[in-house]
Amino acid sequence: MTSYDVIVIGGGHAGCEAASAAARLGARTALITHKKETIGVMSCNPAIGGLGKGHLVREIDALDGLMGRVADAAGIQFRLLNRRKGPAVRGPRTQADRRLYREAMQREIDAIENLLVIEGDAFDLLTEGETVAGVIMKNGQVFRAAAVVLTTGTFLKGLIHIGDRKIPAGRVGEEPSVGLSETLARFGLKLGRLKTGTPARLDGRTIHWDRVGRQGPDEEPVPFSFMTDTIVNRQIDCGVTRTTDATHKLIADNIHRSAMYSGQIEGVGPRYCPSIEDKIVRFGERDGHQIFLEPEGLDDDTIYPNGISTSLPEEVQEAFIRTVPGLESVSILQPGYAIEYDHVDPRELQLSLAVRKSPGLYLAGQINGTTGYEEAGAQGLVAGLNAALAAMGREPFVFSRTDSYIGVMIDDLTSRGITEPYRMFTSRAEYRLSLRADNADMRLTPTGIELGCVGEARRTRFGSWKRAYDDGHTLLKSLSITPNEGARYGLKLNRDGQRRTAFDLLAYPDQTIEGLRPLWPQLDAIDPRVSEALQIDAAYAVYMERQAADIAGIRREESAAIPDDFDYSVLPGLSNELKQKLAQQRPRNLAQAMKVDGMTPAAVSLLLSWLRRQE
Ligand code: FAD
C-alpha cells in the first residue's frame, strides 16, 4: 500500500491549487483524478476573473498559487472591469483559450516536485475510527494519507438535464461520482442539492459576424500574476448581440419543457447567474437580453454564447437561438444543459476547511456549495495548505476577513452556510478599501513566505519590489511644502499653514508623482514599477487609517478562540435553543459565534467574558 502525506481527489480548479499548495509546503502529495487530460478543464465559461473573482485570483497568485500564471498564459482578451471606478472595485478579467488554459495547468502540475498524479476513480475513504486515513479506489487499490482533500466539483451524484432527458454525469461526457457521496452521508455530513447550467456551444463559422456588435480587449493587457512580465497571446474581440421578441415568445411558449420549470430539478441554482428561462420568467421580456459571443480559443471555431444558459430540449434551443441577430443560420455543436449535484453544508467545516466530524478530511471547491473557478481555486489553496500543515504536525492557518477575500469567503461559508451557489462579490467584503486586487501581493506574499508556500523566484522578485516601494514611500514622506510654497507651483492647497508631504499631496484628485516632479526632481529616483502602487496607497491613506482601528478591533475579537469541545451548557444566561445551535455549529471563534442565528449582544458578552476567564 502506497502512502502519502496528502492526497487530493479531483483535478479541477480546487484540486490543482490544493495539490500544488500542499506540495509547495513540502508534503509528499498525490493528486487522484479521473483523467490526466481533463486536469484544468474549464467546465463552463472560458474566462477567469471579473468583479470580486479577480481579487481572488490575485490573492491565489500572491500566495504563489497557479491560477493567475495559467490565466496569463491562456488569456486572449484582458479587460480591467470598472476601470473608471476606484481601484478597490476594479476587477481584472480575461477570456481564456480553453486548450491553452488546460495545457498550461497541466504543465504547472507536471513541474511540481513531490506531486504525483494518479488516474482513477476514488470510490470511498479509508477510516480508522472517525479519522480519515486514505482513499479506496473503484478498482480496489488503497492509498494511505495523513490528510485527504476532496474537490469533486459537480461530480457528486451529478445529473444532467436537457429538457426531459436525464443523464447521470459529472460534466458532459464524464461519469458522475456516486460512491463518495455515500461516504460523506455515512460520515453524518449534511448534504444538499444544487444546480447550475451552461449554454449551447455554437459553430463560429456559421455566425453572421457582420450583424453583431464588437467588444475589444484593453489596449494594454494587465496580467493577473506578479510573475508575468508580458502577455504574449494575440488579443481578440468578442461579438455582442441580443435576444428578440421572437426569442422571448419561443421560450415562453416552451417553458413547460425546460427541466427547470417542469419540476424535474430539485437543486437550487445561482440567482445572479440565471438561465435564459429565468430571465424571461423573472425579469420579463425587457427590450432583449445581451449575449456575448466569446471565442473559446485562438484556433477554435467554438463560440460560447455568454448569457443564455438553458435546460430546454435541443430542438427548442436551436429554434430560439436562431431568432437572435447574427445567429439566424447557426449550427449548434453541443446543446446547453443544467446539472444537479450534491454538496456538503459548509457549516460542517472549520475555517481551515477541515471537516469537524472527520479528522484528516478537508473539502474545497464546488463541493462546498460555491460556484466558479476562482472560488474553487481559492478554497483549494486553503485546504491544501492546511492538509499539509496537519500532515506535518503544524498548527492550522486561517485567513481573516480583514486580510483577504479568501478570508471573507471562508468565513461566510463556514459560519452562515449557503442557500444558493455562493459566488464572490466585492460587496461581501466590509474592508474592501484595503482588500484591493492591486495590493494582494503586499497583503499576502509575506504571509506565504512565512508559511513556506512561496517559491524562491517570487520571494526574490517580491523582496526587490518591496524595497523599491519602501524607498519610494520614505522619499514621498520626507518631502514637504507649506501651502504658500505649493501655490508657487500652481497647487491649490488649504491656506492653513500646515506642511503637507508629497505622499499627502498624492491624495488630491488627479495629482500624480509625475505632476510633482517640477517641485521635487529627486522623485525621479522612484522606481517606475512601484509608482502606481504608491499613488493608490496615498489616495486611500485616510480611509485606510480609519479602517485600521475597526480592523484591530475585529482582530482582537477574532482571536478570542472557542475550543472545539466547548461545553455551551455551562453558560447559564443562554436560551436552550441558542445553546443547541452553538453546539451544533461549533463556531471556532467569537466573530463566528456572533453570526449564529439568534445570537444577541448580551449572549456575545456572556460568551466573551467566559472565554476570557479561561485564558
Ligand atoms: P471541477 O472543476 O468540477 O473538478 C472536479 C474534478 O474532480 C474533475 O477533474 C473530476 O474528474 C474529478 N473527480 C470528481 N470525482 C472524482 C472521483 N471520485 N475520483 C477521481 N476524480 C474525481 N461557474 C460559474 O462561475 N458560472 C457559471 O455559469 C457556471 N456554470 C457551470 C455550468 C456547468 C454545466 C458546470 C459543470 C459548472 C459550472 N460552473 C459555473 C462552475 C465551475 O465549473 C465550477 O465552479 C468549478 O469548475 C469548480 O471547480 P472544482 O475544482 O470544485 O470542480
# chains A, B, ... in the order shown; residues from 1 in each chain; ligands from 1

$ closest_atom_pairs --of "chain A" --to "ligand 1" --cutoff "7 Å" --atoms "only C-alpha atoms and all ligand atoms" --output "JSON lines"
{"residue": "A:Ile9", "atom": "CA", "partner": "ligand 1", "partner_atom_place_in_ligand_line": "21 (N)", "distance": 5.5}
{"residue": "A:Gly10", "atom": "CA", "partner": "ligand 1", "partner_atom_place_in_ligand_line": "7 (O)", "distance": 3.1}
{"residue": "A:Gly11", "atom": "CA", "partner": "ligand 1", "partner_atom_place_in_ligand_line": "9 (O)", "distance": 3.9}
{"residue": "A:Gly12", "atom": "CA", "partner": "ligand 1", "partner_atom_place_in_ligand_line": "4 (O)", "distance": 3.3}
{"residue": "A:His13", "atom": "CA", "partner": "ligand 1", "partner_atom_place_in_ligand_line": "51 (O)", "distance": 3.8}
{"residue": "A:Ala14", "atom": "CA", "partner": "ligand 1", "partner_atom_place_in_ligand_line": "51 (O)", "distance": 3.7}
{"residue": "A:Gly15", "atom": "CA", "partner": "ligand 1", "partner_atom_place_in_ligand_line": "51 (O)", "distance": 5.4}
{"residue": "A:Ile32", "atom": "CA", "partner": "ligand 1", "partner_atom_place_in_ligand_line": "20 (C)", "distance": 5.5}
{"residue": "A:Thr33", "atom": "CA", "partner": "ligand 1", "partner_atom_place_in_ligand_line": "21 (N)", "distance": 3.5}
{"residue": "A:His34", "atom": "CA", "partner": "ligand 1", "partner_atom_place_in_ligand_line": "21 (N)", "distance": 4.2}
{"residue": "A:Lys35", "atom": "CA", "partner": "ligand 1", "partner_atom_place_in_ligand_line": "11 (O)", "distance": 6.4}
{"residue": "A:Thr38", "atom": "CA", "partner": "ligand 1", "partner_atom_place_in_ligand_line": "9 (O)", "distance": 5.9}
{"residue": "A:Ile39", "atom": "CA", "partner": "ligand 1", "partner_atom_place_in_ligand_line": "9 (O)", "distance": 5.6}
{"residue": "A:Val41", "atom": "CA", "partner": "ligand 1", "partner_atom_place_in_ligand_line": "2 (O)", "distance": 6.7}
{"residue": "A:Met42", "atom": "CA", "partner": "ligand 1", "partner_atom_place_in_ligand_line": "43 (O)", "distance": 6.0}
{"residue": "A:Ser43", "atom": "CA", "partner": "ligand 1", "partner_atom_place_in_ligand_line": "43 (O)", "distance": 4.3}
{"residue": "A:Cys44", "atom": "CA", "partner": "ligand 1", "partner_atom_place_in_ligand_line": "31 (C)", "distance": 4.6}
{"residue": "A:Asn45", "atom": "CA", "partner": "ligand 1", "partner_atom_place_in_ligand_line": "27 (C)", "distance": 6.4}
{"residue": "A:Gly120", "atom": "CA", "partner": "ligand 1", "partner_atom_place_in_ligand_line": "20 (C)", "distance": 5.7}
{"residue": "A:Asp121", "atom": "CA", "partner": "ligand 1", "partner_atom_place_in_ligand_line": "19 (N)", "distance": 3.7}
{"residue": "A:Ala122", "atom": "CA", "partner": "ligand 1", "partner_atom_place_in_ligand_line": "19 (N)", "distance": 3.8}
{"residue": "A:Phe123", "atom": "CA", "partner": "ligand 1", "partner_atom_place_in_ligand_line": "18 (N)", "distance": 5.5}
{"residue": "A:Thr151", "atom": "CA", "partner": "ligand 1", "partner_atom_place_in_ligand_line": "52 (O)", "distance": 5.3}
{"residue": "A:Thr152", "atom": "CA", "partner": "ligand 1", "partner_atom_place_in_ligand_line": "14 (C)", "distance": 3.8}
{"residue": "A:Gly153", "atom": "CA", "partner": "ligand 1", "partner_atom_place_in_ligand_line": "53 (O)", "distance": 3.1}
{"residue": "A:Thr154", "atom": "CA", "partner": "ligand 1", "partner_atom_place_in_ligand_line": "3 (O)", "distance": 4.9}
{"residue": "A:Phe155", "atom": "CA", "partner": "ligand 1", "partner_atom_place_in_ligand_line": "14 (C)", "distance": 5.0}
{"residue": "A:Leu156", "atom": "CA", "partner": "ligand 1", "partner_atom_place_in_ligand_line": "15 (N)", "distance": 6.7}
{"residue": "A:Gly170", "atom": "CA", "partner": "ligand 1", "partner_atom_place_in_ligand_line": "36 (C)", "distance": 6.9}
{"residue": "A:Arg171", "atom": "CA", "partner": "ligand 1", "partner_atom_place_in_ligand_line": "36 (C)", "distance": 5.1}
{"residue": "A:Pro176", "atom": "CA", "partner": "ligand 1", "partner_atom_place_in_ligand_line": "15 (N)", "distance": 6.8}
{"residue": "A:Ser177", "atom": "CA", "partner": "ligand 1", "partner_atom_place_in_ligand_line": "18 (N)", "distance": 4.8}
{"residue": "A:Leu180", "atom": "CA", "partner": "ligand 1", "partner_atom_place_in_ligand_line": "18 (N)", "distance": 6.3}
{"residue": "A:Thr196", "atom": "CA", "partner": "ligand 1", "partner_atom_place_in_ligand_line": "32 (C)", "distance": 5.1}
{"residue": "A:Gly197", "atom": "CA", "partner": "ligand 1", "partner_atom_place_in_ligand_line": "32 (C)", "distance": 4.2}
{"residue": "A:Thr198", "atom": "CA", "partner": "ligand 1", "partner_atom_place_in_ligand_line": "32 (C)", "distance": 4.4}
{"residue": "A:Cys273", "atom": "CA", "partner": "ligand 1", "partner_atom_place_in_ligand_line": "28 (O)", "distance": 6.0}
{"residue": "A:Tyr337", "atom": "CA", "partner": "ligand 1", "partner_atom_place_in_ligand_line": "34 (C)", "distance": 6.4}
{"residue": "A:Ala338", "atom": "CA", "partner": "ligand 1", "partner_atom_place_in_ligand_line": "34 (C)", "distance": 5.9}
{"residue": "A:Ile339", "atom": "CA", "partner": "ligand 1", "partner_atom_place_in_ligand_line": "34 (C)", "distance": 5.6}
{"residue": "A:Ala364", "atom": "CA", "partner": "ligand 1", "partner_atom_place_in_ligand_line": "52 (O)", "distance": 6.5}
{"residue": "A:Gly365", "atom": "CA", "partner": "ligand 1", "partner_atom_place_in_ligand_line": "52 (O)", "distance": 3.5}
{"residue": "A:Gln366", "atom": "CA", "partner": "ligand 1", "partner_atom_place_in_ligand_line": "52 (O)", "distance": 3.9}
{"residue": "A:Ile367", "atom": "CA", "partner": "ligand 1", "partner_atom_place_in_ligand_line": "52 (O)", "distance": 6.0}
{"residue": "A:Thr370", "atom": "CA", "partner": "ligand 1", "partner_atom_place_in_ligand_line": "45 (O)", "distance": 6.5}
{"residue": "A:Thr371", "atom": "CA", "partner": "ligand 1", "partner_atom_place_in_ligand_line": "45 (O)", "distance": 3.9}
{"residue": "A:Gly372", "atom": "CA", "partner": "ligand 1", "partner_atom_place_in_ligand_line": "25 (O)", "distance": 3.1}
{"residue": "A:Tyr373", "atom": "CA", "partner": "ligand 1", "partner_atom_place_in_ligand_line": "46 (C)", "distance": 4.3}
{"residue": "A:Ala376", "atom": "CA", "partner": "ligand 1", "partner_atom_place_in_ligand_line": "49 (O)", "distance": 4.9}
{"residue": "A:Gly377", "atom": "CA", "partner": "ligand 1", "partner_atom_place_in_ligand_line": "51 (O)", "distance": 6.6}

$ residues_around --residues "A:Gly65" --least-positions-apart "3" --cutoff "9 Å" --atoms "only C-alpha atoms" --output "list in words"
Glu17, Ser20, Ala21, Val57, Glu59, Ile60, Asp61, Ala62, Gly68, Arg69, Gly377, Ala378, Leu381, Cys453 and Val454 of chain A

$ residues_around --residues "stretch 343-356 of chain A" --least-positions-apart "2" --cutoff "6 Å" --atoms "only C-alpha atoms" --output "list in words"
Lys190, Leu191, Gly192, Ser358, Leu361, Tyr362, Leu363, Ile367, Asn368, Gly369, Ala383, Val398, Leu413, Thr414, Ser415 and Gly417 of chain A

$ closest_atom_pairs --of "stretch 45-115 of chain A" --to "stretch 432-452 of chain A" --cutoff "9 Å" --atoms "only C-alpha atoms" --output "tab-separated table"
residue	atom	partner	partner_atom	distance
A:Gly52	CA	A:Ala437	CA	8.7
A:Gly54	CA	A:Ala437	CA	7.0
A:His55	CA	A:Ala437	CA	4.7
A:Leu56	CA	A:Ala437	CA	8.0
A:Val57	CA	A:Ala437	CA	8.6
A:Arg58	CA	A:Ala440	CA	6.0
A:Glu59	CA	A:Ala440	CA	5.3
A:Ile60	CA	A:Ala440	CA	8.8
A:Asp61	CA	A:Asp441	CA	7.9
A:Ala62	CA	A:Asp441	CA	4.7
A:Leu63	CA	A:Gly448	CA	5.1
A:Asp64	CA	A:Gly448	CA	7.7
A:Pro87	CA	A:Arg436	CA	6.9
A:Ala88	CA	A:Arg436	CA	4.8
A:Val89	CA	A:Arg436	CA	7.3
A:Arg90	CA	A:Ala437	CA	7.3
A:Gly91	CA	A:Ala437	CA	7.2
A:Pro92	CA	A:Ala437	CA	7.9

$ select_by_dssp --residues "stretch 147-350 of chain A" --states "strand (DSSP E)" --output "PyMOL selection string"
chain A and resi 147-150+159-162+165-168+191-198+201-203+213-215+238-242+290-297+300-306+332-334+337-344

$ residues_around --residues "stretch 483-486 of chain A" --least-positions-apart "6" --cutoff "9 Å" --atoms "only C-alpha atoms" --output "PyMOL selection string"
chain A and resi 492-500+519

$ write_last_selection --atoms "N, CA, C and O atoms" --output "JSON list (two decimals), in the first residue's frame"
[["chain", "number", "residue", "atom", "x", "y", "z"],
["A", 492, "LYS", "N", -3.30, 74.09, -5.44],
["A", 492, "LYS", "CA", -4.32, 74.82, -4.67],
["A", 492, "LYS", "C", -4.54, 74.08, -3.35],
["A", 492, "LYS", "O", -5.31, 73.13, -3.28],
["A", 493, "LEU", "N", -3.84, 74.55, -2.30],
["A", 493, "LEU", "CA", -3.95, 73.87, -1.00],
["A", 493, "LEU", "C", -4.66, 74.79, -0.03],
["A", 493, "LEU", "O", -4.59, 76.04, -0.16],
["A", 494, "ASN", "N", -5.31, 74.20, 0.96],
["A", 494, "ASN", "CA", -5.94, 74.98, 2.01],
["A", 494, "ASN", "C", -4.91, 75.88, 2.69],
["A", 494, "ASN", "O", -3.85, 75.38, 3.09],
["A", 495, "ARG", "N", -5.22, 77.18, 2.86],
["A", 495, "ARG", "CA", -4.22, 78.09, 3.45],
["A", 495, "ARG", "C", -4.23, 77.96, 4.97],
["A", 495, "ARG", "O", -4.59, 78.89, 5.69],
["A", 496, "ASP", "N", -3.89, 76.79, 5.48],
["A", 496, "ASP", "CA", -3.96, 76.56, 6.92],
["A", 496, "ASP", "C", -2.57, 76.54, 7.55],
["A", 496, "ASP", "O", -2.40, 76.23, 8.73],
["A", 497, "GLY", "N", -1.57, 76.85, 6.75],
["A", 497, "GLY", "CA", -0.21, 76.91, 7.28],
["A", 497, "GLY", "C", 0.42, 75.53, 7.51],
["A", 497, "GLY", "O", 1.58, 75.42, 7.87],
["A", 498, "GLN", "N", -0.34, 74.48, 7.34],
["A", 498, "GLN", "CA", 0.16, 73.11, 7.58],
["A", 498, "GLN", "C", 1.11, 72.67, 6.47],
["A", 498, "GLN", "O", 0.81, 72.89, 5.29],
["A", 499, "ARG", "N", 2.20, 72.03, 6.86],
["A", 499, "ARG", "CA", 3.07, 71.43, 5.84],
["A", 499, "ARG", "C", 2.41, 70.14, 5.37],
["A", 499, "ARG", "O", 1.78, 69.43, 6.15],
["A", 500, "ARG", "N", 2.53, 69.86, 4.10],
["A", 500, "ARG", "CA", 2.00, 68.59, 3.56],
["A", 500, "ARG", "C", 3.13, 67.84, 2.87],
["A", 500, "ARG", "O", 3.93, 68.46, 2.15],
["A", 519, "LEU", "N", 8.44, 70.24, -8.68],
["A", 519, "LEU", "CA", 8.72, 70.66, -7.30],
["A", 519, "LEU", "C", 9.91, 69.93, -6.73],
["A", 519, "LEU", "O", 10.75, 70.50, -6.05]]

$ residues_around --residues "A:Leu611" --least-positions-apart "5" --cutoff "9 Å" --atoms "only C-alpha atoms" --output "list in words"
Ala560, Ala561, Ile562 and Leu606 of chain A

$ select_by_dssp --residues "stretch 225-392 of chain A" --states "helix (DSSP H, G or I)" --output "ChimeraX atom specification"
/A:245-253,255-257,276-283,314-321,346-348,366-368,373-391

$ closest_residue --among "A:Ile255, A:Leu298, A:Ala147, A:Ala19" --to "A:Asp97" --atoms "only C-alpha atoms"
A:Leu298

$ residues_around --residues "stretch 228-244 of chain A" --least-positions-apart "4" --cutoff "7 Å" --atoms "only C-alpha atoms" --output "list in words"
Arg69, Asp72, Gly75, Ile76, Gln77, Val212, Gly213, Arg214, Gln215, Gly216, Pro217, Pro221, Pro223, His248, Gly288, His289, Gln290, Ile291, Phe292, Leu293, Glu294, Pro295, Thr323, Val324 and Pro325 of chain A

$ atom_distance --atom1 "atom CA of A:Glu220" --atom2 "atom CA of A:Gly326"
29.3 Å

$ closest_residue --among "A:Ala603, A:Ala71, A:Val117, A:Ile321" --to "A:Gln95" --atoms "only C-alpha atoms"
A:Ala71
